[in-house]
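J.: The file below is my_file36.tsv, TSV, C-alpha atoms:
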chain	number	residue	atom	x	y	z
A	1	MET	CA	62.19	104.82	38.67
A	2	ILE	CA	64.38	104.06	35.64
A	3	ARG	CA	67.26	101.81	36.71
A	4	ILE	CA	70.53	102.35	34.81
A	5	VAL	CA	73.87	100.57	34.43
A	6	ILE	CA	76.67	102.66	32.90
A	7	ALA	CA	79.73	101.14	31.21
A	8	GLU	CA	82.55	103.58	30.42
A	9	ASP	CA	86.29	102.93	30.58
A	10	GLN	CA	87.21	106.56	31.35
A	11	GLU	CA	86.54	106.64	35.09
A	12	LEU	CA	86.18	110.42	35.37
A	13	LEU	CA	83.50	110.41	32.66
A	14	LEU	CA	81.85	107.35	34.23
A	15	GLU	CA	81.61	109.07	37.61
A	16	ALA	CA	80.42	112.39	36.14
A	17	MET	CA	77.74	110.73	34.02
A	18	GLY	CA	76.55	108.68	36.99
A	19	ASN	CA	76.36	111.73	39.25
A	20	LEU	CA	74.48	113.78	36.64
A	21	LEU	CA	71.94	111.05	35.96
A	22	ASN	CA	71.41	110.45	39.68
A	23	LEU	CA	70.31	114.09	39.98
A	24	GLU	CA	67.24	113.25	37.87
A	25	ASP	CA	64.14	112.49	39.97
A	26	ASP	CA	63.14	109.45	37.93
A	27	ILE	CA	66.58	107.92	37.18
A	28	GLU	CA	68.81	105.81	39.43
A	29	VAL	CA	72.26	104.51	38.49
A	30	VAL	CA	72.36	101.02	40.04
A	31	GLY	CA	75.75	99.92	38.71
A	32	THR	CA	78.88	101.01	36.86
A	33	ALA	CA	81.38	99.06	34.81
A	34	VAL	CA	84.73	99.93	33.21
A	35	ASN	CA	84.56	97.39	30.35
A	36	GLY	CA	82.11	95.39	28.27
A	37	GLU	CA	82.55	92.14	30.21
A	38	GLU	CA	81.67	93.87	33.50
A	39	ALA	CA	78.68	95.50	31.81
A	40	ILE	CA	77.29	92.12	30.73
A	41	LEU	CA	77.74	90.69	34.24
A	42	LEU	CA	76.06	93.70	35.87
A	43	VAL	CA	73.14	93.72	33.44
A	44	ASN	CA	72.52	90.01	34.02
A	45	GLN	CA	72.86	90.43	37.79
A	46	LEU	CA	71.01	93.73	38.36
A	47	GLN	CA	68.40	93.56	35.53
A	48	PRO	CA	68.38	97.34	34.87
A	49	ASP	CA	65.93	99.05	32.54
A	50	VAL	CA	68.73	100.68	30.53
A	51	CYS	CA	72.43	100.06	29.99
A	52	ILE	CA	74.46	102.99	28.68
A	53	MET	CA	77.71	101.82	27.09
A	54	ASP	CA	80.72	103.50	25.60
A	55	ILE	CA	81.30	102.05	22.15
A	56	GLU	CA	85.04	101.45	22.62
A	57	MET	CA	86.04	99.73	25.86
A	58	PRO	CA	88.56	97.08	26.83
A	59	GLU	CA	87.75	93.36	26.93
A	60	LYS	CA	84.47	93.83	24.99
A	61	SER	CA	83.34	96.92	23.14
A	62	GLY	CA	79.90	98.39	23.76
A	63	LEU	CA	78.70	96.89	20.49
A	64	GLU	CA	80.07	93.44	21.35
A	65	ALA	CA	78.43	93.63	24.77
A	66	ALA	CA	75.12	94.75	23.20
A	67	GLU	CA	75.30	91.87	20.73
A	68	SER	CA	75.87	89.47	23.65
A	69	LEU	CA	72.94	90.79	25.67
A	70	LEU	CA	70.02	90.90	23.25
A	71	LEU	CA	67.63	91.23	26.19
A	72	ASP	CA	64.19	92.69	25.72
A	73	SER	CA	64.12	93.73	29.36
A	74	CYS	CA	67.23	95.97	29.13
A	75	LYS	CA	67.41	98.69	26.53
A	76	VAL	CA	70.95	99.51	25.35
A	77	ILE	CA	72.18	103.00	24.57
A	78	ILE	CA	75.58	103.33	22.90
A	79	LEU	CA	77.59	106.51	23.40
A	80	THR	CA	80.49	107.48	21.17
A	81	THR	CA	82.66	110.42	20.26
A	82	PHE	CA	82.75	109.88	16.50
A	83	ALA	CA	81.17	107.88	13.69
A	84	ARG	CA	82.81	104.77	12.26
A	85	THR	CA	81.59	103.04	9.11
A	86	GLY	CA	79.57	99.93	9.87
A	87	TYR	CA	78.97	100.65	13.56
A	88	PHE	CA	75.46	101.97	12.99
A	89	GLN	CA	74.44	98.81	11.10
A	90	ARG	CA	75.87	96.67	13.93
A	91	ALA	CA	73.97	98.76	16.47
A	92	LEU	CA	70.72	98.19	14.57
A	93	LYS	CA	71.34	94.43	14.37
A	94	ALA	CA	72.05	94.32	18.11
A	95	ASP	CA	68.71	96.07	18.75
A	96	VAL	CA	70.42	99.09	20.31
A	97	ARG	CA	67.71	101.60	21.22
A	98	GLY	CA	69.94	104.68	21.29
A	99	TYR	CA	73.13	105.54	19.41
A	100	LEU	CA	74.23	108.96	20.66
A	101	LEU	CA	77.13	111.38	20.68
A	102	LYS	CA	78.98	111.90	23.95
A	103	ASP	CA	79.23	115.64	23.44
A	104	ASN	CA	75.47	116.19	23.77
A	105	PRO	CA	74.26	117.98	26.92
A	106	SER	CA	73.38	115.77	29.91
A	107	GLU	CA	69.74	116.92	29.77
A	108	GLU	CA	69.57	115.47	26.27
A	109	LEU	CA	70.82	112.10	27.54
A	110	ALA	CA	68.20	112.07	30.30
A	111	SER	CA	65.50	113.03	27.81
A	112	SER	CA	66.66	110.30	25.40
A	113	ILE	CA	66.52	107.73	28.20
A	114	ARG	CA	62.91	108.67	28.93
A	115	SER	CA	61.98	108.54	25.23
A	116	ILE	CA	63.60	105.13	24.86
A	117	MET	CA	61.69	103.89	27.91
A	118	ASP	CA	58.52	105.08	26.11
A	119	GLY	CA	59.38	102.78	23.19
A	120	ARG	CA	61.19	105.15	20.85
A	121	ARG	CA	64.62	104.69	19.30
A	122	ILE	CA	67.01	107.62	19.20
A	123	TYR	CA	69.88	107.71	16.69
A	124	SER	CA	72.12	110.76	16.23
A	125	LYS	CA	72.06	111.63	12.54
A	126	GLU	CA	75.81	112.35	12.64
A	127	LEU	CA	76.43	108.70	13.53
A	128	MET	CA	74.24	107.09	10.89
A	129	ASP	CA	76.08	105.46	7.99
A	130	GLU	CA	75.66	107.58	4.87
A	131	ASP	CA	74.88	104.56	2.72
A	132	ILE	CA	71.83	103.56	4.74
A	133	SER	CA	68.72	103.83	2.61
A	134	GLU	CA	65.12	104.55	3.52
A	135	THR	CA	64.29	100.91	2.85
A	136	ASP	CA	66.64	99.62	5.56
A	137	SER	CA	64.98	98.07	8.56
A	138	LEU	CA	64.53	100.93	10.99
A	139	SER	CA	61.62	100.13	13.25
A	140	PRO	CA	58.45	102.20	12.98
A	141	SER	CA	59.32	103.80	16.32
A	142	ALA	CA	62.76	104.94	15.18
A	143	THR	CA	63.28	108.67	15.17
A	144	PRO	CA	63.76	109.67	11.54
A	145	THR	CA	66.31	112.25	10.52
A	146	ILE	CA	65.75	114.28	7.39
A	147	ASN	CA	68.34	116.50	5.76
A	148	LYS	CA	67.63	119.98	4.34
A	149	GLY	CA	67.63	118.75	0.73
A	150	SER	CA	64.90	116.21	1.50
A	151	VAL	CA	62.80	118.86	3.24
A	152	LYS	CA	63.07	121.15	0.21
A	153	ASN	CA	62.03	118.30	-2.09
A	154	TYR	CA	59.04	117.45	0.11
A	155	LEU	CA	57.97	121.09	0.27
A	156	SER	CA	58.27	121.48	-3.51
A	157	SER	CA	56.17	118.36	-4.02
A	158	ILE	CA	53.50	119.62	-1.61
A	159	MET	CA	53.44	123.04	-3.28
A	160	ASP	CA	52.99	121.41	-6.71
A	161	LYS	CA	50.09	119.32	-5.42
A	162	ILE	CA	48.16	122.20	-3.82
A	163	LYS	CA	48.50	124.68	-6.70
A	164	LEU	CA	45.12	126.01	-7.75
A	165	PRO	CA	44.30	125.78	-11.43
A	166	THR	CA	44.88	129.04	-13.26
A	167	GLY	CA	42.47	130.41	-15.74
Could you write out this structure as structure tokens?
T.:
Amino acid sequence: MIRIVIAEDQELLLEAMGNLLNLEDDIEVVGTAVNGEEAILLVNQLQPDVCIMDIEMPEKSGLEAAESLLLDSCKVIILTTFARTGYFQRALKADVRGYLLKDNPSEELASSIRSIMDGRRIYSKELMDEDISETDSLSPSATPTINKGSVKNYLSSIMDKIKLPTG
């Protein structure tokens, strides 16, 4: 059973997310918090497998709480509505395992939780800073995102390499 703490300052969303995740056979919400300070206390007290945090909350943001935790035993997933410059870099430095959009379907959140428990990192491409380069320190288990232009370049390169000699 995957034990979860959820931190979200909008109580209706907090309750809905908790109820949806509790419907999953292998997930149990063991605690809920309405701000970053409460999230830190609950994580330290309950030792969950995963803590899902809203990025912007009172008292401490999700990123500030994640930076305070830095626990190997609890994997942090940050949820947000929109991208802000610099947040993705902070999430990487805080060892956040998931950085996801709130408007994704609940099944996608449950699937992401399972993938993160299997050692992967899940980052929504819409939230990644545009100036991040391929040489930045994403872990080998991070889920890469590739844009259409890159795919076309890779395909062109492959096609050039497998061309048979004419003549």
J.: Calculate how many Å separate CA of Ile40 (chain A) from CA of Ala65 (chain A), rounding to one decimal.
T.: 6.3 Å
J.: For a quick check of understanding, using only C-alpha atoms, which of A:Ser115, A:Gln89, A:Gln47, A:Thr81 has the smallest distance to Leu69 (chain A)?
T.: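 Using only C-alpha atoms, Leu69 (chain A) sits closest to A:Gln47.
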J.: If we count all atoms listed in the file and set the cut-off at 10 Å, which residues sit around region 1-13 of chain A, ignoring sequence neighbours fewer than 5 positions away in its own chain? Please answer as JSON, numbers by chain.
T.: {"A": [18, 19, 21, 22, 24, 25, 26, 27, 28, 29, 30, 31, 32, 33, 34, 35, 36, 37, 38, 39, 40, 42, 43, 46, 47, 48, 49, 50, 51, 52, 53, 54, 55, 56, 57, 58, 61, 62, 65, 74, 75, 76, 77, 78, 79, 102, 113, 114, 117]}
J.: Provide the CA of Arg97 (chain A) to CA of Gly119 (chain A) distance in Å, to one decimal place.
T.: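 Value for the CA of Arg97 (chain A)-CA of Gly119 (chain A) distance: 8.6 Å.
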J.: Work out how far apart CA of Ala110 (chain A) and CA of Glu59 (chain A) are and give it in Å to one decimal.
T.: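 If I compute the distance from CA of Ala110 (chain A) to CA of Glu59 (chain A), I get 27.3 Å.
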J.: For region 48-58 of chain A, I'd like the enclosing box, axis-aligned and padded by 5 Å on every side, reported as JSON with centre and edge lengths in Å to one decimal.
T.:
{"center_x": 77.2, "center_y": 100.3, "center_z": 28.5, "size_x": 32.6, "size_y": 16.4, "size_z": 22.7}
J.: Taking only C-alpha atoms into account, which of A:Ala91, A:Arg84, A:Leu23, A:Gln45 comes nearest Ala66 (chain A)?
T.: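 Closest candidate: A:Ala91.
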J.: Give me the residues near Tyr123 (chain A) as a list in words, where near means some atom within 10 Å (using all atoms listed in the file) and where sequence neighbours in that chain fewer than 2 positions away do not count.
T.: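 In the requested form, the answer reads Ile77, Ile78, Phe88, Ala91, Leu92, Val96, Arg97, Gly98, Tyr99, Leu100, Leu101, Ser112, Arg120, Arg121, Lys125, Glu126, Leu127, Met128, Ala142, Thr143, Pro144 and Thr145 of chain A.
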J.: Can you rebuild region 11-40 of chain A with N, CA and C atoms and give it as a PDB file, in the coordinates of the input?
T.:
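Ended up saving to out.pdb:
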ATOM      1  N   GLU A  11      87.188 106.599  33.767  1.00  0.00           N
ATOM      2  CA  GLU A  11      86.540 106.640  35.090  1.00  0.00           C
ATOM      3  C   GLU A  11      86.003 108.013  35.465  1.00  0.00           C
ATOM      4  N   LEU A  12      86.677 109.085  35.065  1.00  0.00           N
ATOM      5  CA  LEU A  12      86.180 110.420  35.370  1.00  0.00           C
ATOM      6  C   LEU A  12      84.841 110.662  34.675  1.00  0.00           C
ATOM      7  N   LEU A  13      84.752 110.276  33.416  1.00  0.00           N
ATOM      8  CA  LEU A  13      83.500 110.410  32.660  1.00  0.00           C
ATOM      9  C   LEU A  13      82.415 109.502  33.240  1.00  0.00           C
ATOM     10  N   LEU A  14      82.793 108.297  33.620  1.00  0.00           N
ATOM     11  CA  LEU A  14      81.850 107.350  34.230  1.00  0.00           C
ATOM     12  C   LEU A  14      81.240 107.946  35.498  1.00  0.00           C
ATOM     13  N   GLU A  15      82.089 108.486  36.354  1.00  0.00           N
ATOM     14  CA  GLU A  15      81.610 109.070  37.610  1.00  0.00           C
ATOM     15  C   GLU A  15      80.748 110.307  37.354  1.00  0.00           C
ATOM     16  N   ALA A  16      81.186 111.168  36.436  1.00  0.00           N
ATOM     17  CA  ALA A  16      80.420 112.390  36.140  1.00  0.00           C
ATOM     18  C   ALA A  16      79.051 112.055  35.567  1.00  0.00           C
ATOM     19  N   MET A  17      79.020 111.114  34.626  1.00  0.00           N
ATOM     20  CA  MET A  17      77.740 110.730  34.020  1.00  0.00           C
ATOM     21  C   MET A  17      76.806 110.129  35.073  1.00  0.00           C
ATOM     22  N   GLY A  18      77.349 109.272  35.926  1.00  0.00           N
ATOM     23  CA  GLY A  18      76.550 108.680  36.990  1.00  0.00           C
ATOM     24  C   GLY A  18      75.972 109.718  37.931  1.00  0.00           C
ATOM     25  N   ASN A  19      76.811 110.674  38.337  1.00  0.00           N
ATOM     26  CA  ASN A  19      76.360 111.730  39.250  1.00  0.00           C
ATOM     27  C   ASN A  19      75.279 112.600  38.603  1.00  0.00           C
ATOM     28  N   LEU A  20      75.478 112.952  37.330  1.00  0.00           N
ATOM     29  CA  LEU A  20      74.480 113.780  36.640  1.00  0.00           C
ATOM     30  C   LEU A  20      73.148 113.057  36.485  1.00  0.00           C
ATOM     31  N   LEU A  21      73.191 111.795  36.116  1.00  0.00           N
ATOM     32  CA  LEU A  21      71.940 111.050  35.960  1.00  0.00           C
ATOM     33  C   LEU A  21      71.243 110.820  37.295  1.00  0.00           C
ATOM     34  N   ASN A  22      72.009 110.636  38.354  1.00  0.00           N
ATOM     35  CA  ASN A  22      71.410 110.450  39.680  1.00  0.00           C
ATOM     36  C   ASN A  22      70.707 111.709  40.190  1.00  0.00           C
ATOM     37  N   LEU A  23      71.007 112.854  39.604  1.00  0.00           N
ATOM     38  CA  LEU A  23      70.310 114.090  39.980  1.00  0.00           C
ATOM     39  C   LEU A  23      68.883 114.134  39.437  1.00  0.00           C
ATOM     40  N   GLU A  24      68.594 113.306  38.449  1.00  0.00           N
ATOM     41  CA  GLU A  24      67.240 113.250  37.870  1.00  0.00           C
ATOM     42  C   GLU A  24      66.309 112.534  38.852  1.00  0.00           C
ATOM     43  N   ASP A  25      65.096 113.052  39.008  1.00  0.00           N
ATOM     44  CA  ASP A  25      64.140 112.490  39.970  1.00  0.00           C
ATOM     45  C   ASP A  25      63.703 111.069  39.637  1.00  0.00           C
ATOM     46  N   ASP A  26      63.679 110.735  38.345  1.00  0.00           N
ATOM     47  CA  ASP A  26      63.140 109.450  37.930  1.00  0.00           C
ATOM     48  C   ASP A  26      64.202 108.461  37.425  1.00  0.00           C
ATOM     49  N   ILE A  27      65.491 108.774  37.656  1.00  0.00           N
ATOM     50  CA  ILE A  27      66.580 107.920  37.180  1.00  0.00           C
ATOM     51  C   ILE A  27      67.496 107.558  38.345  1.00  0.00           C
ATOM     52  N   GLU A  28      67.878 106.273  38.401  1.00  0.00           N
ATOM     53  CA  GLU A  28      68.810 105.810  39.430  1.00  0.00           C
ATOM     54  C   GLU A  28      69.884 104.943  38.781  1.00  0.00           C
ATOM     55  N   VAL A  29      71.156 105.321  38.982  1.00  0.00           N
ATOM     56  CA  VAL A  29      72.260 104.510  38.490  1.00  0.00           C
ATOM     57  C   VAL A  29      72.496 103.407  39.522  1.00  0.00           C
ATOM     58  N   VAL A  30      72.265 102.154  39.112  1.00  0.00           N
ATOM     59  CA  VAL A  30      72.360 101.020  40.040  1.00  0.00           C
ATOM     60  C   VAL A  30      73.695 100.280  39.918  1.00  0.00           C
ATOM     61  N   GLY A  31      74.466 100.589  38.870  1.00  0.00           N
ATOM     62  CA  GLY A  31      75.750  99.920  38.710  1.00  0.00           C
ATOM     63  C   GLY A  31      76.607 100.596  37.662  1.00  0.00           C
ATOM     64  N   THR A  32      77.932 100.460  37.835  1.00  0.00           N
ATOM     65  CA  THR A  32      78.880 101.010  36.860  1.00  0.00           C
ATOM     66  C   THR A  32      79.927  99.962  36.541  1.00  0.00           C
ATOM     67  N   ALA A  33      80.378 100.004  35.286  1.00  0.00           N
ATOM     68  CA  ALA A  33      81.380  99.060  34.810  1.00  0.00           C
ATOM     69  C   ALA A  33      82.430  99.812  34.002  1.00  0.00           C
ATOM     70  N   VAL A  34      83.654  99.279  33.961  1.00  0.00           N
ATOM     71  CA  VAL A  34      84.730  99.930  33.210  1.00  0.00           C
ATOM     72  C   VAL A  34      85.081  99.187  31.920  1.00  0.00           C
ATOM     73  N   ASN A  35      84.341  98.103  31.613  1.00  0.00           N
ATOM     74  CA  ASN A  35      84.560  97.390  30.350  1.00  0.00           C
ATOM     75  C   ASN A  35      83.297  96.617  29.981  1.00  0.00           C
ATOM     76  N   GLY A  36      83.287  96.092  28.768  1.00  0.00           N
ATOM     77  CA  GLY A  36      82.110  95.390  28.270  1.00  0.00           C
ATOM     78  C   GLY A  36      81.775  94.121  29.015  1.00  0.00           C
ATOM     79  N   GLU A  37      82.795  93.385  29.446  1.00  0.00           N
ATOM     80  CA  GLU A  37      82.550  92.140  30.210  1.00  0.00           C
ATOM     81  C   GLU A  37      81.842  92.446  31.518  1.00  0.00           C
ATOM     82  N   GLU A  38      82.322  93.471  32.244  1.00  0.00           N
ATOM     83  CA  GLU A  38      81.670  93.870  33.500  1.00  0.00           C
ATOM     84  C   GLU A  38      80.237  94.314  33.250  1.00  0.00           C
ATOM     85  N   ALA A  39      80.026  95.024  32.144  1.00  0.00           N
ATOM     86  CA  ALA A  39      78.680  95.500  31.810  1.00  0.00           C
ATOM     87  C   ALA A  39      77.720  94.325  31.654  1.00  0.00           C
ATOM     88  N   ILE A  40      78.147  93.300  30.934  1.00  0.00           N
ATOM     89  CA  ILE A  40      77.290  92.120  30.730  1.00  0.00           C
ATOM     90  C   ILE A  40      76.964  91.464  32.066  1.00  0.00           C
TER      91      ILE A  40
END
